[in-house]
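Here's my_file22.txt, which has compact mmCIF, N, CA and C atoms:
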```txt
# COMPACT_ATOMS: atom_id res chain seq x y z
N MET A 84 2.17 -23.14 26.33
CA MET A 84 3.45 -22.92 26.97
C MET A 84 3.61 -23.88 28.12
N THR A 85 4.84 -24.35 28.29
CA THR A 85 5.12 -25.25 29.40
C THR A 85 6.23 -24.66 30.23
N ASP A 86 6.22 -25.03 31.50
CA ASP A 86 7.26 -24.57 32.42
C ASP A 86 8.29 -25.64 32.68
N GLN A 87 8.22 -26.76 31.97
CA GLN A 87 9.16 -27.85 32.19
C GLN A 87 10.49 -27.51 31.53
N PRO A 88 11.59 -27.88 32.20
CA PRO A 88 12.90 -27.61 31.60
C PRO A 88 13.08 -28.42 30.32
N GLY A 89 13.70 -27.82 29.33
CA GLY A 89 13.97 -28.51 28.08
C GLY A 89 12.84 -28.42 27.08
N GLN A 90 11.68 -27.94 27.50
CA GLN A 90 10.55 -27.77 26.59
C GLN A 90 10.60 -26.38 25.98
N PRO A 91 10.39 -26.29 24.67
CA PRO A 91 10.44 -24.97 24.04
C PRO A 91 9.28 -24.09 24.50
N GLN A 92 9.58 -22.83 24.67
CA GLN A 92 8.56 -21.86 25.04
C GLN A 92 7.88 -21.34 23.77
N GLU A 93 6.57 -21.28 23.78
CA GLU A 93 5.83 -20.76 22.63
C GLU A 93 5.85 -19.24 22.68
N GLU A 94 6.26 -18.63 21.57
CA GLU A 94 6.26 -17.18 21.50
C GLU A 94 4.92 -16.71 20.94
N PRO A 95 4.25 -15.80 21.62
CA PRO A 95 2.92 -15.40 21.19
C PRO A 95 2.91 -14.65 19.85
N ASP A 96 3.83 -13.74 19.66
CA ASP A 96 3.87 -12.97 18.42
C ASP A 96 5.29 -12.99 17.85
N GLN A 97 5.38 -13.49 16.61
CA GLN A 97 6.67 -13.50 15.92
C GLN A 97 6.56 -12.64 14.69
N GLU A 98 7.65 -11.98 14.37
CA GLU A 98 7.65 -11.18 13.15
C GLU A 98 7.73 -12.12 11.96
N PRO A 99 6.75 -12.05 11.04
CA PRO A 99 6.77 -12.96 9.88
C PRO A 99 7.86 -12.57 8.90
N ASP A 100 8.16 -13.48 8.00
CA ASP A 100 9.11 -13.22 6.92
C ASP A 100 8.65 -11.95 6.19
N TYR A 101 9.58 -11.06 5.93
CA TYR A 101 9.22 -9.78 5.32
C TYR A 101 8.55 -9.95 3.96
N ARG A 102 8.85 -11.04 3.26
CA ARG A 102 8.22 -11.25 1.94
C ARG A 102 6.71 -11.45 2.08
N PHE A 103 6.29 -12.14 3.13
CA PHE A 103 4.86 -12.34 3.36
C PHE A 103 4.20 -11.03 3.79
N THR A 104 4.91 -10.27 4.59
CA THR A 104 4.39 -8.97 5.02
C THR A 104 4.20 -8.04 3.82
N LEU A 105 5.20 -8.03 2.93
CA LEU A 105 5.10 -7.18 1.74
C LEU A 105 4.03 -7.68 0.78
N ALA A 106 3.87 -8.98 0.66
CA ALA A 106 2.81 -9.53 -0.19
C ALA A 106 1.43 -9.14 0.35
N ASN A 107 1.29 -9.18 1.66
CA ASN A 107 0.03 -8.76 2.29
C ASN A 107 -0.23 -7.28 2.01
N GLU A 108 0.83 -6.48 2.08
CA GLU A 108 0.69 -5.05 1.81
C GLU A 108 0.32 -4.79 0.34
N ARG A 109 0.90 -5.55 -0.58
CA ARG A 109 0.56 -5.40 -2.00
C ARG A 109 -0.89 -5.76 -2.26
N THR A 110 -1.38 -6.78 -1.58
CA THR A 110 -2.79 -7.15 -1.72
C THR A 110 -3.68 -6.04 -1.20
N TYR A 111 -3.31 -5.48 -0.07
CA TYR A 111 -4.06 -4.35 0.50
C TYR A 111 -4.11 -3.18 -0.48
N LEU A 112 -2.96 -2.85 -1.07
CA LEU A 112 -2.91 -1.75 -2.02
C LEU A 112 -3.72 -2.05 -3.28
N ALA A 113 -3.75 -3.31 -3.71
CA ALA A 113 -4.57 -3.69 -4.87
C ALA A 113 -6.05 -3.48 -4.56
N TYR A 114 -6.47 -3.82 -3.35
CA TYR A 114 -7.86 -3.56 -2.97
C TYR A 114 -8.15 -2.06 -2.95
N LEU A 115 -7.19 -1.26 -2.48
CA LEU A 115 -7.40 0.19 -2.47
C LEU A 115 -7.52 0.74 -3.89
N ARG A 116 -6.73 0.22 -4.82
CA ARG A 116 -6.85 0.64 -6.22
C ARG A 116 -8.23 0.26 -6.77
N THR A 117 -8.70 -0.91 -6.39
CA THR A 117 -10.03 -1.34 -6.84
C THR A 117 -11.10 -0.41 -6.27
N SER A 118 -10.97 -0.03 -4.99
CA SER A 118 -11.96 0.88 -4.43
C SER A 118 -11.92 2.24 -5.09
N LEU A 119 -10.73 2.72 -5.43
CA LEU A 119 -10.64 3.99 -6.16
C LEU A 119 -11.32 3.89 -7.51
N ALA A 120 -11.18 2.75 -8.19
CA ALA A 120 -11.85 2.55 -9.48
C ALA A 120 -13.37 2.54 -9.29
N CYS A 121 -13.85 1.94 -8.21
CA CYS A 121 -15.29 1.95 -7.93
C CYS A 121 -15.78 3.37 -7.67
N TYR A 122 -15.02 4.16 -6.90
CA TYR A 122 -15.39 5.56 -6.66
C TYR A 122 -15.46 6.32 -7.98
N ALA A 123 -14.41 6.18 -8.79
CA ALA A 123 -14.36 6.91 -10.06
C ALA A 123 -15.48 6.46 -11.00
N GLY A 124 -15.73 5.16 -11.07
CA GLY A 124 -16.81 4.66 -11.91
C GLY A 124 -18.17 5.14 -11.45
N GLY A 125 -18.38 5.15 -10.15
CA GLY A 125 -19.66 5.61 -9.61
C GLY A 125 -19.90 7.08 -9.86
N LEU A 126 -18.88 7.88 -9.61
CA LEU A 126 -19.02 9.32 -9.84
C LEU A 126 -19.16 9.63 -11.33
N SER A 127 -18.45 8.89 -12.16
CA SER A 127 -18.56 9.08 -13.61
C SER A 127 -19.94 8.68 -14.12
N ALA A 128 -20.49 7.61 -13.57
CA ALA A 128 -21.82 7.18 -13.98
C ALA A 128 -22.85 8.27 -13.69
N VAL A 129 -22.76 8.86 -12.51
CA VAL A 129 -23.72 9.91 -12.15
C VAL A 129 -23.52 11.14 -13.04
N GLN A 130 -22.28 11.47 -13.31
CA GLN A 130 -21.98 12.68 -14.07
C GLN A 130 -22.22 12.53 -15.58
N PHE A 131 -21.79 11.38 -16.16
CA PHE A 131 -21.73 11.29 -17.61
C PHE A 131 -22.67 10.27 -18.25
N LEU A 132 -23.24 9.36 -17.50
CA LEU A 132 -24.09 8.34 -18.09
C LEU A 132 -25.40 8.96 -18.54
N ASP A 133 -25.64 8.93 -19.83
CA ASP A 133 -26.84 9.55 -20.40
C ASP A 133 -27.83 8.45 -20.77
N LEU A 134 -28.85 8.32 -19.95
CA LEU A 134 -29.87 7.31 -20.21
C LEU A 134 -31.22 7.96 -20.46
N GLY A 135 -31.19 9.14 -21.06
CA GLY A 135 -32.43 9.85 -21.36
C GLY A 135 -32.75 10.86 -20.28
N ASN A 136 -34.02 11.19 -20.18
CA ASN A 136 -34.46 12.20 -19.22
C ASN A 136 -34.38 11.72 -17.78
N ASP A 137 -34.53 10.42 -17.58
CA ASP A 137 -34.48 9.87 -16.22
C ASP A 137 -33.03 9.75 -15.78
N ARG A 138 -32.73 10.32 -14.65
CA ARG A 138 -31.37 10.25 -14.10
C ARG A 138 -31.24 9.16 -13.04
N TRP A 139 -32.37 8.55 -12.64
CA TRP A 139 -32.31 7.59 -11.54
C TRP A 139 -31.47 6.35 -11.86
N PRO A 140 -31.44 5.82 -13.08
CA PRO A 140 -30.57 4.65 -13.31
C PRO A 140 -29.08 4.99 -13.10
N ALA A 141 -28.68 6.15 -13.57
CA ALA A 141 -27.28 6.56 -13.38
C ALA A 141 -26.98 6.77 -11.90
N ARG A 142 -27.92 7.33 -11.18
CA ARG A 142 -27.72 7.54 -9.74
C ARG A 142 -27.63 6.21 -8.99
N ILE A 143 -28.48 5.28 -9.36
CA ILE A 143 -28.43 3.96 -8.71
C ILE A 143 -27.09 3.28 -8.97
N ILE A 144 -26.65 3.30 -10.23
CA ILE A 144 -25.35 2.71 -10.57
C ILE A 144 -24.24 3.41 -9.80
N GLY A 145 -24.29 4.74 -9.73
CA GLY A 145 -23.29 5.49 -8.99
C GLY A 145 -23.28 5.16 -7.50
N ILE A 146 -24.45 5.09 -6.91
CA ILE A 146 -24.55 4.79 -5.47
C ILE A 146 -24.01 3.39 -5.18
N VAL A 147 -24.38 2.43 -6.03
CA VAL A 147 -23.91 1.05 -5.82
C VAL A 147 -22.39 0.98 -5.93
N LEU A 148 -21.82 1.64 -6.95
CA LEU A 148 -20.36 1.58 -7.13
C LEU A 148 -19.61 2.30 -6.02
N VAL A 149 -20.09 3.47 -5.61
CA VAL A 149 -19.41 4.19 -4.52
C VAL A 149 -19.54 3.41 -3.22
N THR A 150 -20.70 2.80 -2.97
CA THR A 150 -20.87 1.97 -1.78
C THR A 150 -19.93 0.77 -1.82
N ALA A 151 -19.79 0.15 -2.99
CA ALA A 151 -18.85 -0.97 -3.13
C ALA A 151 -17.43 -0.50 -2.85
N GLY A 152 -17.09 0.71 -3.27
CA GLY A 152 -15.77 1.26 -2.98
C GLY A 152 -15.54 1.45 -1.49
N ILE A 153 -16.54 1.95 -0.80
CA ILE A 153 -16.43 2.16 0.65
C ILE A 153 -16.28 0.81 1.37
N VAL A 154 -17.10 -0.17 0.99
CA VAL A 154 -17.02 -1.50 1.60
C VAL A 154 -15.66 -2.13 1.30
N THR A 155 -15.16 -1.95 0.09
CA THR A 155 -13.87 -2.51 -0.28
C THR A 155 -12.74 -1.87 0.52
N THR A 156 -12.79 -0.56 0.71
CA THR A 156 -11.77 0.12 1.49
C THR A 156 -11.74 -0.41 2.93
N ALA A 157 -12.91 -0.49 3.55
CA ALA A 157 -12.98 -0.99 4.93
C ALA A 157 -12.59 -2.46 5.00
N GLY A 158 -13.09 -3.26 4.05
CA GLY A 158 -12.77 -4.69 4.03
C GLY A 158 -11.29 -4.95 3.79
N ALA A 159 -10.67 -4.13 2.96
CA ALA A 159 -9.24 -4.29 2.68
C ALA A 159 -8.41 -4.06 3.93
N PHE A 160 -8.76 -3.02 4.68
CA PHE A 160 -8.01 -2.75 5.91
C PHE A 160 -8.21 -3.87 6.92
N LEU A 161 -9.44 -4.32 7.07
CA LEU A 161 -9.73 -5.41 8.00
C LEU A 161 -8.98 -6.67 7.61
N ARG A 162 -8.98 -6.99 6.31
CA ARG A 162 -8.27 -8.18 5.82
C ARG A 162 -6.78 -8.06 6.06
N TRP A 163 -6.20 -6.90 5.77
CA TRP A 163 -4.76 -6.67 5.99
C TRP A 163 -4.42 -6.89 7.46
N GLN A 164 -5.23 -6.31 8.33
CA GLN A 164 -4.98 -6.41 9.77
C GLN A 164 -5.11 -7.86 10.25
N GLN A 165 -6.13 -8.58 9.80
CA GLN A 165 -6.33 -9.97 10.20
C GLN A 165 -5.19 -10.86 9.69
N ASN A 166 -4.73 -10.61 8.48
CA ASN A 166 -3.63 -11.40 7.92
C ASN A 166 -2.34 -11.18 8.70
N ILE A 167 -2.03 -9.94 9.02
CA ILE A 167 -0.81 -9.65 9.80
C ILE A 167 -0.87 -10.34 11.15
N THR A 168 -2.03 -10.26 11.81
CA THR A 168 -2.18 -10.90 13.12
C THR A 168 -2.01 -12.41 13.00
N ALA A 169 -2.63 -13.02 11.99
CA ALA A 169 -2.52 -14.47 11.81
C ALA A 169 -1.08 -14.87 11.50
N MET A 170 -0.39 -14.11 10.68
CA MET A 170 1.00 -14.44 10.35
C MET A 170 1.90 -14.33 11.57
N ARG A 171 1.69 -13.32 12.39
CA ARG A 171 2.52 -13.15 13.59
C ARG A 171 2.28 -14.24 14.61
N ARG A 172 1.09 -14.78 14.62
CA ARG A 172 0.77 -15.85 15.58
C ARG A 172 0.98 -17.23 14.99
N GLY A 173 1.35 -17.28 13.72
CA GLY A 173 1.59 -18.57 13.08
C GLY A 173 0.32 -19.33 12.76
N GLY A 174 -0.79 -18.62 12.67
CA GLY A 174 -2.07 -19.26 12.39
C GLY A 174 -2.42 -19.24 10.91
N ARG A 175 -3.59 -19.75 10.62
CA ARG A 175 -4.09 -19.75 9.24
C ARG A 175 -4.59 -18.35 8.89
N LEU A 176 -4.48 -18.04 7.60
CA LEU A 176 -5.02 -16.77 7.13
C LEU A 176 -6.54 -16.88 7.07
N PRO A 177 -7.24 -15.82 7.48
CA PRO A 177 -8.70 -15.87 7.48
C PRO A 177 -9.25 -15.87 6.06
N VAL A 178 -10.41 -16.48 5.92
CA VAL A 178 -11.11 -16.51 4.63
C VAL A 178 -11.86 -15.20 4.46
N THR A 179 -11.88 -14.69 3.23
CA THR A 179 -12.60 -13.46 2.96
C THR A 179 -13.56 -13.65 1.79
N ARG A 180 -14.65 -12.93 1.84
CA ARG A 180 -15.61 -12.95 0.75
C ARG A 180 -15.56 -11.66 -0.06
N LEU A 181 -14.57 -10.84 0.21
CA LEU A 181 -14.44 -9.56 -0.48
C LEU A 181 -14.32 -9.70 -1.99
N PRO A 182 -13.51 -10.62 -2.53
CA PRO A 182 -13.46 -10.76 -3.98
C PRO A 182 -14.81 -11.19 -4.58
N LEU A 183 -15.54 -12.05 -3.89
CA LEU A 183 -16.86 -12.48 -4.36
C LEU A 183 -17.82 -11.29 -4.39
N MET A 184 -17.80 -10.48 -3.34
CA MET A 184 -18.67 -9.30 -3.27
C MET A 184 -18.34 -8.34 -4.40
N LEU A 185 -17.05 -8.11 -4.64
CA LEU A 185 -16.65 -7.19 -5.70
C LEU A 185 -17.06 -7.72 -7.07
N GLY A 186 -16.77 -8.98 -7.32
CA GLY A 186 -17.12 -9.57 -8.61
C GLY A 186 -18.61 -9.54 -8.87
N ALA A 187 -19.40 -9.88 -7.86
CA ALA A 187 -20.85 -9.88 -8.01
C ALA A 187 -21.38 -8.46 -8.24
N THR A 188 -20.88 -7.51 -7.49
CA THR A 188 -21.33 -6.13 -7.63
C THR A 188 -21.01 -5.58 -9.01
N ILE A 189 -19.79 -5.80 -9.48
CA ILE A 189 -19.39 -5.28 -10.78
C ILE A 189 -20.17 -5.97 -11.90
N THR A 190 -20.43 -7.26 -11.75
CA THR A 190 -21.23 -7.98 -12.75
C THR A 190 -22.65 -7.44 -12.81
N VAL A 191 -23.27 -7.27 -11.67
CA VAL A 191 -24.66 -6.78 -11.63
C VAL A 191 -24.74 -5.35 -12.18
N VAL A 192 -23.82 -4.48 -11.75
CA VAL A 192 -23.84 -3.10 -12.23
C VAL A 192 -23.59 -3.06 -13.73
N GLY A 193 -22.67 -3.87 -14.21
CA GLY A 193 -22.41 -3.92 -15.65
C GLY A 193 -23.62 -4.40 -16.43
N ALA A 194 -24.31 -5.41 -15.91
CA ALA A 194 -25.52 -5.92 -16.57
C ALA A 194 -26.62 -4.87 -16.58
N ILE A 195 -26.79 -4.16 -15.47
CA ILE A 195 -27.80 -3.10 -15.40
C ILE A 195 -27.46 -1.99 -16.39
N GLY A 196 -26.20 -1.59 -16.42
CA GLY A 196 -25.78 -0.57 -17.37
C GLY A 196 -26.01 -1.00 -18.81
N LEU A 197 -25.71 -2.25 -19.11
CA LEU A 197 -25.93 -2.78 -20.45
C LEU A 197 -27.42 -2.79 -20.81
N LEU A 198 -28.25 -3.24 -19.87
CA LEU A 198 -29.70 -3.27 -20.12
C LEU A 198 -30.26 -1.87 -20.38
N PHE A 199 -29.86 -0.91 -19.58
CA PHE A 199 -30.37 0.45 -19.78
C PHE A 199 -29.84 1.07 -21.06
N THR A 200 -28.62 0.71 -21.44
CA THR A 200 -28.08 1.21 -22.70
C THR A 200 -28.82 0.62 -23.88
N LEU A 201 -29.14 -0.67 -23.82
CA LEU A 201 -29.90 -1.32 -24.89
C LEU A 201 -31.35 -0.84 -24.91
N TRP A 202 -31.89 -0.56 -23.75
CA TRP A 202 -33.27 -0.13 -23.60
C TRP A 202 -33.47 1.27 -24.20
N ARG A 203 -32.47 2.09 -24.07
CA ARG A 203 -32.52 3.47 -24.56
C ARG A 203 -32.55 3.46 -26.02
```

Take the structure from the file and write it as structure tokens.
Amino acid sequence: MTDQPGQPQEEPDQEPDYRFTLANERTYLAYLRTSLACYAGGLSAVQFLDLGNDRWPARIIGIVLVTAGIVTTAGAFLRWQQNITAMRRGGRLPVTRLPLMLGATITVVGAIGLLFTLWR
């Protein structure tokens, strides 16, 4: 900001275009749907996955998926909040590793589930 006459004053927070705000909200809601799917998959694995007498593989899969859901829920809110702040200040959107974490978790859990199913 400058105090010289004729120089534009920098506004600290501007309301972004509503389309960007709504797009950010849709992304947030998509992450919440993904976390709900992780919760449901984790609870279903514990309840219905039949891998013989040992229940520990199903419990591990369930714990990993429910934990991924919790991390996704928290990460989605943090990402939404950081994006809104960056848009209002006219800055760059922050980089997130949330999609990488989700993809890796689902791949590993799927591979473990496949191995135990083939092993049985």

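Between atom CA of A:Phe103 and atom CA of A:Ala120 the interatomic distance comes to 25.8 Å.
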
For this session: Figure out the distance between atom CA of A:Asp137 and atom CA of A:Ser118, please, to one decimal in Å.
Result: 27.0 Å

Problem set entry | Å distance separating atom C of A:Asn136 from atom CA of A:Thr188, one decimal place | 24.3 Å

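Near A:Gln130, within 8 Å and counting only N, CA and C atoms, sit Gly124, Ala141, Arg142 and Gly145 of chain A; same-chain residues fewer than 6 positions away were not included.
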
For this session: Do a neighbour search on A:Thr179 at 10 Å with only C-alpha atoms, toss out local chain neighbours closer than 4 positions, and write the hits as a VMD selection string.
Result: chain A and resid 158 to 159 161 to 162 183 to 184

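Taking all atoms listed in the file into account, the protein, DNA and RNA residues within 6 Å of (-20.6, 0.5, -10.4) read Gly124, Gly125, Ile144, Gly145, Val147, Leu148, Val149, Ile189 and Val192 of chain A.
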
Output file request: stretch 96-126 of chain A, with N, CA and C atoms, as a PDB file, in the first residue's frame.
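Contents of part23.pdb, freshly written:
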```pdb
ATOM      1  N   ASP A  96      -8.559  -7.903   1.468  1.00  0.00           N
ATOM      2  CA  ASP A  96      -9.459  -9.024   1.203  1.00  0.00           C
ATOM      3  C   ASP A  96     -10.561  -8.585   0.250  1.00  0.00           C
ATOM      4  N   GLN A  97     -10.631  -9.295  -0.893  1.00  0.00           N
ATOM      5  CA  GLN A  97     -11.678  -9.017  -1.864  1.00  0.00           C
ATOM      6  C   GLN A  97     -12.543 -10.252  -1.999  1.00  0.00           C
ATOM      7  N   GLU A  98     -13.809 -10.022  -2.215  1.00  0.00           N
ATOM      8  CA  GLU A  98     -14.704 -11.163  -2.430  1.00  0.00           C
ATOM      9  C   GLU A  98     -14.445 -11.719  -3.826  1.00  0.00           C
ATOM     10  N   PRO A  99     -14.083 -13.010  -3.936  1.00  0.00           N
ATOM     11  CA  PRO A  99     -13.798 -13.578  -5.256  1.00  0.00           C
ATOM     12  C   PRO A  99     -15.079 -13.762  -6.064  1.00  0.00           C
ATOM     13  N   ASP A 100     -14.906 -13.978  -7.347  1.00  0.00           N
ATOM     14  CA  ASP A 100     -16.025 -14.272  -8.235  1.00  0.00           C
ATOM     15  C   ASP A 100     -16.787 -15.468  -7.652  1.00  0.00           C
ATOM     16  N   TYR A 101     -18.095 -15.363  -7.605  1.00  0.00           N
ATOM     17  CA  TYR A 101     -18.895 -16.412  -6.971  1.00  0.00           C
ATOM     18  C   TYR A 101     -18.702 -17.769  -7.643  1.00  0.00           C
ATOM     19  N   ARG A 102     -18.358 -17.786  -8.924  1.00  0.00           N
ATOM     20  CA  ARG A 102     -18.148 -19.070  -9.611  1.00  0.00           C
ATOM     21  C   ARG A 102     -16.961 -19.820  -9.021  1.00  0.00           C
ATOM     22  N   PHE A 103     -15.911 -19.094  -8.660  1.00  0.00           N
ATOM     23  CA  PHE A 103     -14.749 -19.736  -8.052  1.00  0.00           C
ATOM     24  C   PHE A 103     -15.071 -20.210  -6.638  1.00  0.00           C
ATOM     25  N   THR A 104     -15.852 -19.409  -5.931  1.00  0.00           N
ATOM     26  CA  THR A 104     -16.269 -19.801  -4.581  1.00  0.00           C
ATOM     27  C   THR A 104     -17.103 -21.075  -4.624  1.00  0.00           C
ATOM     28  N   LEU A 105     -18.036 -21.132  -5.581  1.00  0.00           N
ATOM     29  CA  LEU A 105     -18.885 -22.321  -5.704  1.00  0.00           C
ATOM     30  C   LEU A 105     -18.082 -23.535  -6.179  1.00  0.00           C
ATOM     31  N   ALA A 106     -17.115 -23.328  -7.052  1.00  0.00           N
ATOM     32  CA  ALA A 106     -16.262 -24.432  -7.497  1.00  0.00           C
ATOM     33  C   ALA A 106     -15.449 -24.981  -6.323  1.00  0.00           C
ATOM     34  N   ASN A 107     -14.963 -24.089  -5.478  1.00  0.00           N
ATOM     35  CA  ASN A 107     -14.223 -24.511  -4.289  1.00  0.00           C
ATOM     36  C   ASN A 107     -15.137 -25.314  -3.361  1.00  0.00           C
ATOM     37  N   GLU A 108     -16.376 -24.867  -3.229  1.00  0.00           N
ATOM     38  CA  GLU A 108     -17.336 -25.578  -2.386  1.00  0.00           C
ATOM     39  C   GLU A 108     -17.667 -26.963  -2.961  1.00  0.00           C
ATOM     40  N   ARG A 109     -17.800 -27.058  -4.276  1.00  0.00           N
ATOM     41  CA  ARG A 109     -18.070 -28.362  -4.906  1.00  0.00           C
ATOM     42  C   ARG A 109     -16.913 -29.324  -4.688  1.00  0.00           C
ATOM     43  N   THR A 110     -15.699 -28.809  -4.749  1.00  0.00           N
ATOM     44  CA  THR A 110     -14.529 -29.656  -4.490  1.00  0.00           C
ATOM     45  C   THR A 110     -14.542 -30.146  -3.049  1.00  0.00           C
ATOM     46  N   TYR A 111     -14.866 -29.255  -2.142  1.00  0.00           N
ATOM     47  CA  TYR A 111     -14.968 -29.622  -0.721  1.00  0.00           C
ATOM     48  C   TYR A 111     -16.006 -30.724  -0.528  1.00  0.00           C
ATOM     49  N   LEU A 112     -17.172 -30.567  -1.143  1.00  0.00           N
ATOM     50  CA  LEU A 112     -18.224 -31.570  -1.022  1.00  0.00           C
ATOM     51  C   LEU A 112     -17.817 -32.899  -1.657  1.00  0.00           C
ATOM     52  N   ALA A 113     -17.057 -32.855  -2.746  1.00  0.00           N
ATOM     53  CA  ALA A 113     -16.567 -34.092  -3.364  1.00  0.00           C
ATOM     54  C   ALA A 113     -15.625 -34.829  -2.414  1.00  0.00           C
ATOM     55  N   TYR A 114     -14.772 -34.087  -1.714  1.00  0.00           N
ATOM     56  CA  TYR A 114     -13.904 -34.720  -0.731  1.00  0.00           C
ATOM     57  C   TYR A 114     -14.725 -35.333   0.411  1.00  0.00           C
ATOM     58  N   LEU A 115     -15.789 -34.639   0.824  1.00  0.00           N
ATOM     59  CA  LEU A 115     -16.634 -35.193   1.885  1.00  0.00           C
ATOM     60  C   LEU A 115     -17.324 -36.474   1.428  1.00  0.00           C
ATOM     61  N   ARG A 116     -17.764 -36.526   0.177  1.00  0.00           N
ATOM     62  CA  ARG A 116     -18.359 -37.761  -0.351  1.00  0.00           C
ATOM     63  C   ARG A 116     -17.321 -38.888  -0.360  1.00  0.00           C
ATOM     64  N   THR A 117     -16.098 -38.552  -0.708  1.00  0.00           N
ATOM     65  CA  THR A 117     -15.033 -39.552  -0.710  1.00  0.00           C
ATOM     66  C   THR A 117     -14.781 -40.057   0.706  1.00  0.00           C
ATOM     67  N   SER A 118     -14.781 -39.148   1.694  1.00  0.00           N
ATOM     68  CA  SER A 118     -14.571 -39.604   3.068  1.00  0.00           C
ATOM     69  C   SER A 118     -15.712 -40.474   3.551  1.00  0.00           C
ATOM     70  N   LEU A 119     -16.938 -40.148   3.152  1.00  0.00           N
ATOM     71  CA  LEU A 119     -18.068 -41.003   3.516  1.00  0.00           C
ATOM     72  C   LEU A 119     -17.917 -42.392   2.905  1.00  0.00           C
ATOM     73  N   ALA A 120     -17.424 -42.464   1.669  1.00  0.00           N
ATOM     74  CA  ALA A 120     -17.185 -43.762   1.028  1.00  0.00           C
ATOM     75  C   ALA A 120     -16.099 -44.537   1.777  1.00  0.00           C
ATOM     76  N   CYS A 121     -15.073 -43.850   2.245  1.00  0.00           N
ATOM     77  CA  CYS A 121     -14.023 -44.520   3.029  1.00  0.00           C
ATOM     78  C   CYS A 121     -14.593 -45.058   4.342  1.00  0.00           C
ATOM     79  N   TYR A 122     -15.430 -44.252   5.018  1.00  0.00           N
ATOM     80  CA  TYR A 122     -16.071 -44.721   6.256  1.00  0.00           C
ATOM     81  C   TYR A 122     -16.912 -45.964   5.980  1.00  0.00           C
ATOM     82  N   ALA A 123     -17.748 -45.888   4.953  1.00  0.00           N
ATOM     83  CA  ALA A 123     -18.633 -47.009   4.631  1.00  0.00           C
ATOM     84  C   ALA A 123     -17.829 -48.244   4.227  1.00  0.00           C
ATOM     85  N   GLY A 124     -16.795 -48.065   3.429  1.00  0.00           N
ATOM     86  CA  GLY A 124     -15.960 -49.191   3.028  1.00  0.00           C
ATOM     87  C   GLY A 124     -15.240 -49.815   4.203  1.00  0.00           C
ATOM     88  N   GLY A 125     -14.744 -48.986   5.095  1.00  0.00           N
ATOM     89  CA  GLY A 125     -14.038 -49.499   6.274  1.00  0.00           C
ATOM     90  C   GLY A 125     -14.953 -50.267   7.202  1.00  0.00           C
ATOM     91  N   LEU A 126     -16.117 -49.707   7.464  1.00  0.00           N
ATOM     92  CA  LEU A 126     -17.068 -50.392   8.341  1.00  0.00           C
ATOM     93  C   LEU A 126     -17.603 -51.661   7.692  1.00  0.00           C
TER      94      LEU A 126
END
```
